[in-house]
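Reviewing the structure listed below.
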Amino acid sequence: MLAVALVAVLSVLWCVCSRWRDVLSGRPVGNFRGVRAPLLLIAHPDDECMFFAPTVLGLLQEQRPLSVLCCSTGNYYNQGETRKKEFIQSCAALGIPPSNVTVIDHRNLPDNPDIQWDKHLLSDLILTHINQKNVDLVITFDEKGVSGHSNHIALYHAVRSLQDSRQLPEGCSVMVLESVTIFRKYLSVLDLPISWLLHSDILFVSSGPQYRQAKEAMMCHQSQLLWFRHIYLLFSRYMAINSLHFLHDTKTEQHG
Ligand SMILES: [Zn+2]
C-alpha cells in the first residue's frame with residue numbers, strides 16, 4: 001500500500017516537474033504532434049507579436065515551418081505601406097522568413113472595426129491559401145478576438161464556417177487563441193497559475209529570451225508604438241502566455 005502511494009506521489013511530482021521544465025524552456029504544454037505546416041491567420045500587422053508571440057516562438061522552437069497570413073495592411077490611418085514593411089521586419093525578428101509571410105490587400109477587407117468583413121470573401125481567400133500552402137493547422141483568434149476587434153472576430157467566423165461546412169482539407173485542424181477577462185489580460189506572467197489550472201489544449205509560455213525577442217519584434221512596429229502600447233507591452237499576458245483550444249465542429253459540440 002505504501003509502495004503504491006509512493007509511486008503515485010512520485011508520478012505526480014514527475015508530471016509537475018516536466019510541465020515546469022517545458023514552461024520554463026518555452027516549450028508548449030500540450031500535444032500538437034504531427035503538425036507539419038501551421039498557419040498563423042491574423043487581421044492586422046502587429047497581431048503576430050501583440051497577441052501570438054508565445055505561439056509563434058513556441059512553434060518555431062519545435063522546428064515547425066510556420067507561415068503567416070495577414071488579411072489587411074492595417075491601413076486605418078493610411079499607413080498601410082509602412083505597416084506592411086514593419087510587419088515583414090517583425091516577422092523576421094520572430095524568426096519567420098519573408099517567403100512565409102503573405103499580406104492580403106483587398107479593398108473589401110479594410111482595417112476598420114466598424115466594417116464587417118464579408119465572411120464568404122474571407123473564407124474563399126483563406127481556403128485558397130490553405131490549399132496552396134498545404135496547411136494542416138490554422139491558428140487564429142477565438143469568437144471574442146482577444147481585444148474584441150471586429151476584424152479579429154471575422155477571422156474566427158470565416159474559419160468556423162470553413163470547418164462546419166467541411167471545406168477544410170482532410171487532416172487540417174484549427175486552433176483558436178483564448179480571450180481572457182480584462183483582469184487576467186493585464187496580469188502579465190502572474191496569470192500563469194490561472195492559465196495552468198484552467199483547461200487548454202496547448203499552453204505556450206515564453207522563456208525569458210523568447211519574451212525579449214517578442215518585445216524586439218514589437219519594436220519593429222514603430223508606427224504603432226504610442227505610449228499606451230508601451231504599457232501594453234509591460235503588462236499584457238499575451239506577450240508571455242498563449243492558451244489555445246482546438247475548434248471542434250458545431251455538430252460535435254452539440255452532441256458532446
Ligand atoms: Zn489586430
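Lettering and numbering for the C-alpha cells are positional, with chains as A, B, ... in the shown order, residues counted from 1 in each chain, and ligands counted from 1 in the shown order.
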Just want the residues within 12 Å of ligand 1, written as a PyMOL selection string, counting only C-alpha atoms and all ligand atoms. chain A and resi 41-52+70-76+110-113+140-141+145-155+224
Same residues, N, CA and C atoms, saved as a short mmCIF file (atom, residue, chain, number, x, y, z; two decimals), in the first residue's frame:
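Saved as again.cif:
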data_model
loop_
_atom_site.label_atom_id
_atom_site.label_comp_id
_atom_site.auth_asym_id
_atom_site.auth_seq_id
_atom_site.Cartn_x
_atom_site.Cartn_y
_atom_site.Cartn_z
N LEU A 41 -3.11 32.91 -38.75
CA LEU A 41 -4.05 33.74 -39.50
C LEU A 41 -4.40 34.96 -38.66
N ILE A 42 -4.01 36.15 -39.13
CA ILE A 42 -4.23 37.36 -38.35
C ILE A 42 -4.91 38.43 -39.21
N ALA A 43 -5.38 39.49 -38.53
CA ALA A 43 -6.12 40.53 -39.25
C ALA A 43 -5.24 41.72 -39.60
N HIS A 44 -4.29 42.05 -38.71
CA HIS A 44 -3.51 43.29 -38.90
C HIS A 44 -2.03 43.04 -38.64
N PRO A 45 -1.16 43.81 -39.33
CA PRO A 45 0.25 43.79 -38.95
C PRO A 45 0.33 44.22 -37.48
N ASP A 46 1.03 43.53 -36.70
CA ASP A 46 1.31 43.65 -35.24
C ASP A 46 0.52 42.64 -34.42
N ASP A 47 -0.55 42.03 -34.99
CA ASP A 47 -1.25 40.96 -34.25
C ASP A 47 -0.29 39.82 -33.93
N GLU A 48 0.67 39.59 -34.86
CA GLU A 48 1.58 38.44 -34.69
C GLU A 48 2.41 38.56 -33.42
N CYS A 49 2.79 39.79 -33.02
CA CYS A 49 3.57 39.88 -31.78
C CYS A 49 2.77 40.41 -30.60
N MET A 50 1.75 41.23 -30.85
CA MET A 50 0.95 41.72 -29.71
C MET A 50 0.14 40.60 -29.05
N PHE A 51 -0.27 39.63 -29.86
CA PHE A 51 -1.15 38.59 -29.30
C PHE A 51 -0.58 37.17 -29.40
N PHE A 52 0.17 36.89 -30.48
CA PHE A 52 0.54 35.50 -30.77
C PHE A 52 2.02 35.18 -30.58
N CYS A 70 -1.76 37.57 -43.21
CA CYS A 70 -2.35 38.77 -42.60
C CYS A 70 -3.40 39.32 -43.57
N CYS A 71 -4.62 39.49 -43.09
CA CYS A 71 -5.73 39.78 -44.01
C CYS A 71 -5.97 41.25 -44.28
N SER A 72 -5.11 42.13 -43.78
CA SER A 72 -5.19 43.55 -44.17
C SER A 72 -3.81 44.16 -44.02
N THR A 73 -3.65 45.37 -44.58
CA THR A 73 -2.35 46.05 -44.44
C THR A 73 -2.34 46.96 -43.22
N GLY A 74 -3.46 47.01 -42.50
CA GLY A 74 -3.52 47.90 -41.34
C GLY A 74 -3.56 49.37 -41.77
N ASN A 75 -4.44 49.64 -42.73
CA ASN A 75 -4.42 50.95 -43.39
C ASN A 75 -5.39 51.97 -42.77
N TYR A 76 -5.79 51.74 -41.54
CA TYR A 76 -6.82 52.59 -40.92
C TYR A 76 -6.41 54.07 -40.92
N PRO A 110 -10.98 46.20 -45.37
CA PRO A 110 -10.20 47.30 -44.80
C PRO A 110 -9.95 47.10 -43.30
N ASP A 111 -8.85 47.67 -42.82
CA ASP A 111 -8.60 47.69 -41.38
C ASP A 111 -9.56 48.71 -40.78
N ASN A 112 -10.66 48.23 -40.26
CA ASN A 112 -11.67 49.14 -39.73
C ASN A 112 -12.63 48.37 -38.83
N PRO A 113 -12.65 48.71 -37.53
CA PRO A 113 -13.52 47.96 -36.62
C PRO A 113 -15.01 48.16 -36.90
N THR A 140 -5.79 30.97 -35.10
CA THR A 140 -6.34 32.32 -35.24
C THR A 140 -7.04 32.74 -33.94
N PHE A 141 -7.78 33.84 -34.01
CA PHE A 141 -8.49 34.36 -32.84
C PHE A 141 -9.72 33.51 -32.52
N GLY A 145 -12.05 37.52 -30.10
CA GLY A 145 -10.99 38.26 -30.79
C GLY A 145 -9.94 38.90 -29.90
N VAL A 146 -9.80 38.43 -28.66
CA VAL A 146 -8.86 38.94 -27.65
C VAL A 146 -9.12 40.40 -27.29
N SER A 147 -9.08 41.30 -28.28
CA SER A 147 -9.31 42.72 -27.99
C SER A 147 -10.74 43.12 -28.34
N GLY A 148 -11.50 42.19 -28.92
CA GLY A 148 -12.87 42.50 -29.32
C GLY A 148 -12.96 43.17 -30.68
N HIS A 149 -11.82 43.34 -31.37
CA HIS A 149 -11.83 44.00 -32.69
C HIS A 149 -12.64 43.15 -33.67
N SER A 150 -13.53 43.80 -34.41
CA SER A 150 -14.43 43.03 -35.29
C SER A 150 -13.68 42.31 -36.41
N ASN A 151 -12.52 42.86 -36.83
CA ASN A 151 -11.74 42.17 -37.87
C ASN A 151 -11.15 40.86 -37.33
N HIS A 152 -10.75 40.85 -36.06
CA HIS A 152 -10.25 39.61 -35.44
C HIS A 152 -11.39 38.57 -35.41
N ILE A 153 -12.55 39.04 -34.99
CA ILE A 153 -13.69 38.14 -34.82
C ILE A 153 -14.14 37.59 -36.18
N ALA A 154 -14.00 38.42 -37.22
CA ALA A 154 -14.38 37.97 -38.58
C ALA A 154 -13.54 36.76 -39.00
N LEU A 155 -12.28 36.74 -38.59
CA LEU A 155 -11.41 35.60 -38.94
C LEU A 155 -11.95 34.33 -38.30
N GLN A 224 3.31 52.13 -34.64
CA GLN A 224 2.26 51.77 -33.69
C GLN A 224 2.66 52.00 -32.23
#
Residues near A:His221, cut-off 12 Å, only C-alpha atoms, skip fewer than 3 positions along chain, as a CSV table (one decimal) with N, CA and C atoms, in the first residue's frame:
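Once written, selection.csv looks like this:
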chain,number,residue,atom,x,y,z
A,44,HIS,N,-4.3,42.1,-38.7
A,44,HIS,CA,-3.5,43.3,-38.9
A,44,HIS,C,-2.0,43.0,-38.6
A,45,PRO,N,-1.2,43.8,-39.3
A,45,PRO,CA,0.3,43.8,-39.0
A,45,PRO,C,0.3,44.2,-37.5
A,46,ASP,N,1.0,43.5,-36.7
A,46,ASP,CA,1.3,43.7,-35.2
A,46,ASP,C,0.5,42.6,-34.4
A,47,ASP,N,-0.6,42.0,-35.0
A,47,ASP,CA,-1.2,41.0,-34.2
A,47,ASP,C,-0.3,39.8,-33.9
A,48,GLU,N,0.7,39.6,-34.9
A,48,GLU,CA,1.6,38.4,-34.7
A,48,GLU,C,2.4,38.6,-33.4
A,49,CYS,N,2.8,39.8,-33.0
A,49,CYS,CA,3.6,39.9,-31.8
A,49,CYS,C,2.8,40.4,-30.6
A,50,MET,N,1.7,41.2,-30.8
A,50,MET,CA,1.0,41.7,-29.7
A,50,MET,C,0.1,40.6,-29.0
A,74,GLY,N,-3.5,47.0,-42.5
A,74,GLY,CA,-3.5,47.9,-41.3
A,74,GLY,C,-3.6,49.4,-41.8
A,79,GLN,N,-1.6,54.2,-43.3
A,79,GLN,CA,-0.1,53.8,-43.1
A,79,GLN,C,0.1,52.4,-43.6
A,80,GLY,N,-0.7,51.9,-44.5
A,80,GLY,CA,-0.7,50.6,-45.0
A,80,GLY,C,0.7,50.1,-45.5
A,82,THR,N,3.7,51.5,-44.9
A,82,THR,CA,4.7,51.5,-43.8
A,82,THR,C,4.4,50.2,-42.9
A,83,ARG,N,3.2,50.0,-42.6
A,83,ARG,CA,2.9,48.8,-41.7
A,83,ARG,C,3.2,47.5,-42.4
A,84,LYS,N,3.1,47.4,-43.7
A,84,LYS,CA,3.5,46.2,-44.3
A,84,LYS,C,5.0,45.9,-44.2
A,85,LYS,N,5.8,46.9,-44.3
A,85,LYS,CA,7.2,46.8,-44.2
A,85,LYS,C,7.6,46.4,-42.7
A,86,GLU,N,6.9,47.1,-41.8
A,86,GLU,CA,7.2,46.8,-40.4
A,86,GLU,C,6.8,45.4,-40.0
A,87,PHE,N,5.7,44.9,-40.7
A,87,PHE,CA,5.3,43.6,-40.4
A,87,PHE,C,6.3,42.5,-40.9
A,88,ILE,N,6.9,42.8,-42.1
A,88,ILE,CA,7.9,41.8,-42.6
A,88,ILE,C,9.1,41.8,-41.6
A,89,GLN,N,9.5,43.0,-41.2
A,89,GLN,CA,10.6,43.1,-40.2
A,89,GLN,C,10.3,42.4,-38.9
A,90,SER,N,9.1,42.6,-38.4
A,90,SER,CA,8.7,42.0,-37.2
A,90,SER,C,8.7,40.5,-37.3
A,91,CYS,N,8.2,40.0,-38.4
A,91,CYS,CA,8.2,38.5,-38.6
A,91,CYS,C,9.6,38.0,-38.6
A,93,ALA,N,12.1,39.3,-37.2
A,93,ALA,CA,12.7,39.3,-35.8
A,93,ALA,C,12.2,38.1,-35.0
A,214,ALA,N,10.1,38.8,-28.4
A,214,ALA,CA,8.8,39.3,-28.8
A,214,ALA,C,8.8,40.8,-28.7
A,215,LYS,N,9.4,41.3,-27.6
A,215,LYS,CA,9.5,42.8,-27.5
A,215,LYS,C,10.3,43.5,-28.6
A,216,GLU,N,11.4,42.8,-29.0
A,216,GLU,CA,12.2,43.3,-30.1
A,216,GLU,C,11.3,43.3,-31.4
A,217,ALA,N,10.5,42.3,-31.6
A,217,ALA,CA,9.7,42.2,-32.8
A,217,ALA,C,8.7,43.4,-32.8
A,218,MET,N,8.1,43.7,-31.6
A,218,MET,CA,7.1,44.7,-31.5
A,218,MET,C,7.8,46.1,-31.7
A,224,GLN,N,3.3,52.1,-34.6
A,224,GLN,CA,2.3,51.8,-33.7
A,224,GLN,C,2.7,52.0,-32.2
A,225,LEU,N,3.9,52.4,-32.0
A,225,LEU,CA,4.4,52.5,-30.6
A,225,LEU,C,4.0,53.8,-29.9
A,226,LEU,N,2.7,53.9,-29.7
A,226,LEU,CA,2.2,55.1,-29.0
A,226,LEU,C,2.4,54.7,-27.5
A,229,ARG,N,0.8,51.6,-26.0
A,229,ARG,CA,1.3,50.3,-26.4
A,229,ARG,C,2.5,49.9,-25.5
A,230,HIS,N,3.3,50.9,-25.1
A,230,HIS,CA,4.4,50.5,-24.2
A,230,HIS,C,3.8,49.9,-22.8
Within 12 Å of stretch 185-192 of chain A, counting only C-alpha atoms, which residues qualify if same-chain residues fewer than 2 places away don't, as a PyMOL selection string? chain A and resi 20+23-24+50-51+54+146-147+178-183+194-198+203-208+211+231-243
Just the number, please: distance in Å from atom CA of A:Asp118 to atom CA of A:Arg160, one decimal.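 We find that atom CA of A:Asp118 and atom CA of A:Arg160 lie 13.7 Å from each other.
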Write out, as a tab-separated table, each residue of stretch 140-161 of chain A that has an atom at most 12 Å from stretch 166-172 of chain A, together with the closest pair of atoms and their distance in Å to one decimal, counting only C-alpha atoms, rows going by chain and rising number.
residue	atom	partner	partner_atom	distance
A:Ala158	CA	A:Gln167	CA	11.3
A:Val159	CA	A:Leu168	CA	8.8
A:Arg160	CA	A:Arg166	CA	9.7
A:Ser161	CA	A:Arg166	CA	8.3
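Distance annotation: of A:Arg33, A:Arg64, A:Lys119, A:His106, the residue with the minimal separation from A:Leu162 is A:Lys119; atom set is only C-alpha atoms.
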Test item: residues at most 6 Å from A:Ala37, only C-alpha atoms, excluding those fewer than 6 positions along its chain, as a PyMOL selection string: chain A and resi 65+135-136
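All residues in stretch 136-207 of chain A with a DSSP state of strand (DSSP E), computed from the backbone, read A:Leu137, A:Val138, A:Ile139, A:Thr140, A:Phe141, A:Ser173, A:Val174, A:Met175, A:Val176, A:Leu177, A:Ile202, A:Leu203, A:Phe204, A:Val205.
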Saved selection, atoms kept: C-alpha atoms, as an mmCIF file, in the first residue's frame:
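The result, written out as out-v2.cif:
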data_model
loop_
_atom_site.group_PDB
_atom_site.id
_atom_site.type_symbol
_atom_site.label_atom_id
_atom_site.label_comp_id
_atom_site.auth_asym_id
_atom_site.auth_seq_id
_atom_site.Cartn_x
_atom_site.Cartn_y
_atom_site.Cartn_z
ATOM 1 C CA LEU A 137 -3.125 23.605 -38.722
ATOM 2 C CA VAL A 138 -4.716 27.061 -38.723
ATOM 3 C CA ILE A 139 -4.208 29.226 -35.639
ATOM 4 C CA THR A 140 -6.339 32.321 -35.236
ATOM 5 C CA PHE A 141 -8.493 34.358 -32.836
ATOM 6 C CA SER A 173 -7.386 21.376 -37.900
ATOM 7 C CA VAL A 174 -7.987 24.765 -36.307
ATOM 8 C CA MET A 175 -6.823 26.188 -33.003
ATOM 9 C CA VAL A 176 -8.072 29.444 -31.528
ATOM 10 C CA LEU A 177 -6.363 31.784 -29.100
ATOM 11 C CA ILE A 202 -1.993 23.869 -25.809
ATOM 12 C CA LEU A 203 -0.320 26.346 -23.487
ATOM 13 C CA PHE A 204 2.617 28.372 -24.755
ATOM 14 C CA VAL A 205 4.650 30.246 -22.143
#
Using DSSP on the backbone coordinates, identify the residues of stretch 27-60 of chain A assigned to alpha helix (DSSP H); present them as JSON, numbers by chain. {"A": [47, 48, 49, 50, 53, 54, 55, 56, 57, 58, 59, 60]}
Option closest in space to A:Lys144, from A:Pro193, A:Pro98, A:His120, A:His157 [counting only C-alpha atoms]: A:His157
Atom CA of A:Leu59 and atom CA of A:Leu40, how far apart in Å?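 So the two atoms, atom CA of A:Leu40 and atom CA of A:Leu59, lie 10.4 Å apart.
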